[in-house]
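S.K.: I'd like to ask you about the structure that follows.
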Amino acid sequence: GVVRLFGEELGYDVVNVKLEVVQTARCPRWHADHCGMRLLCSYVGDGTLYMDNLHVRRGWVWAGGVFAPVVKSVDESHALRAGAGDLLLLKGHTWKGRCAGLGAVHRSPDTPSSNHGARLLLTIDDVLPDNCDEGCGCAALRHA
């Protein structure tokens with residue numbers, strides 16, 4: 001189904017797939033992922049919030065010996081939310097072409113009060129588990 005299509009359409013031989021119950025806002029800060037492409041789908045619970053580039057201010061920080069792109073601020077009044085069951089495709093900082101540092105800006109929803117505070121979240125991307133911390137870059141930037 002979705003996993004096979006993701007890999008075939010994007011030309012990936014191997015993809016990382018996670019289906020998990022999430023009970024916290026895993027990535028509560030506005031950010032863009034350090035991967036090529038990520039698919040997110042909340043089957044149960046609130047969907048991921050995302051932002052049009054027009055409402056994002058970006059910058060660069062020195063983190064882990066390299067310059068890394070960061071989201072400095074967003075105009076939250078323009079935030080959009082994926083619905084339950086929506087497939088949200090997000091280009092990351094390493095997407096092919098001229099997208100370096102211009103990944104799709106998004107964040108986890110606040111911990112919901114419904115569904116016992118849980119989401120059932122599907123994540124598919126090109127970040128293999130031994131590559132880094134989930135591909136969002138949050139761990140590297142915590143120390144910046």
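Please note that chains go A, B, ... in the order of the structure tokens, that every chain numbers its residues from 1, and that ligands are numbered from 1 in the order shown.
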As a PyMOL selection string, please: every residue in region 18-120 of chain A that a backbone DSSP assignment puts in strand (DSSP E or B).

M.R.: chain A and resi 18-22+31+37-44+49-51+56-63+66-74+80-81+88-91+105-107+119-120

S.K.: List every residue of region 13-144 of chain A that DSSP, applied to the backbone of this structure, assigns to alpha helix (DSSP H), and report them as a PyMOL selection string.

M.R.: chain A and resi 138-142

S.K.: Go ahead and write the selection's residues with N, CA and C atoms as a short mmCIF file (atom, residue, chain, number, x, y, z; two decimals), in the first residue's frame.

M.R.:
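Result written to part00.cif:
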data_model
loop_
_atom_site.label_atom_id
_atom_site.label_comp_id
_atom_site.auth_asym_id
_atom_site.auth_seq_id
_atom_site.Cartn_x
_atom_site.Cartn_y
_atom_site.Cartn_z
N CYS A 138 16.26 17.68 16.02
CA CYS A 138 16.02 18.32 17.32
C CYS A 138 17.16 18.10 18.31
N ALA A 139 17.74 16.90 18.34
CA ALA A 139 18.81 16.62 19.31
C ALA A 139 20.02 17.48 19.05
N ALA A 140 20.41 17.66 17.80
CA ALA A 140 21.58 18.49 17.48
C ALA A 140 21.33 19.94 17.84
N LEU A 141 20.12 20.41 17.64
CA LEU A 141 19.82 21.81 17.89
C LEU A 141 19.58 22.12 19.36
N ARG A 142 19.31 21.10 20.17
CA ARG A 142 19.15 21.32 21.61
C ARG A 142 20.43 21.84 22.23
#

S.K.: Contacts between region 98-117 of chain A and region 61-83 of chain A, please, where a residue of region 61-83 of chain A counts if it comes within 8 Å (with only C-alpha atoms); show its shortest atom pair and distance in Å to one decimal, rows by chain and ascending number, as CSV.

M.R.:
residue,atom,partner,partner_atom,distance
A:Ala68,CA,A:Gly101,CA,7.7
A:Pro69,CA,A:Gly101,CA,5.2
A:Val70,CA,A:Gly101,CA,7.9
A:Val71,CA,A:Val105,CA,7.7

S.K.: Got time to write the residues from that selection, N, CA and C atoms, as a PDB file, in the first residue's frame?

M.R.:
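Result file is selection-v9.pdb:
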ATOM      1  N   ALA A  68      23.655  24.481  10.367  1.00  0.00           N
ATOM      2  CA  ALA A  68      22.382  23.786  10.225  1.00  0.00           C
ATOM      3  C   ALA A  68      21.254  24.805  10.094  1.00  0.00           C
ATOM      4  N   PRO A  69      20.310  24.544   9.200  1.00  0.00           N
ATOM      5  CA  PRO A  69      19.176  25.456   9.052  1.00  0.00           C
ATOM      6  C   PRO A  69      18.233  25.327  10.243  1.00  0.00           C
ATOM      7  N   VAL A  70      17.672  26.444  10.670  1.00  0.00           N
ATOM      8  CA  VAL A  70      16.710  26.439  11.781  1.00  0.00           C
ATOM      9  C   VAL A  70      15.539  27.355  11.447  1.00  0.00           C
ATOM     10  N   VAL A  71      14.450  27.118  12.126  1.00  0.00           N
ATOM     11  CA  VAL A  71      13.290  27.993  12.035  1.00  0.00           C
ATOM     12  C   VAL A  71      13.398  28.984  13.182  1.00  0.00           C
TER      13      VAL A  71
END

S.K.: Fewer than 3 positions away in the same chain doesn't count, so skip those; otherwise give me all residues within 10 Å of Asp13 (chain A), counting only C-alpha atoms, as an MDAnalysis selection string.

M.R.: chainID A and resid 4 7:8 10 126

S.K.: Give the answer as one residue: which of A:Leu89, A:Val127, A:Leu49, A:Val44 has the shortest atom-to-atom distance to His31 (chain A), using only C-alpha atoms?

M.R.: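 Closest to His31 (chain A), using only C-alpha atoms: A:Leu49.
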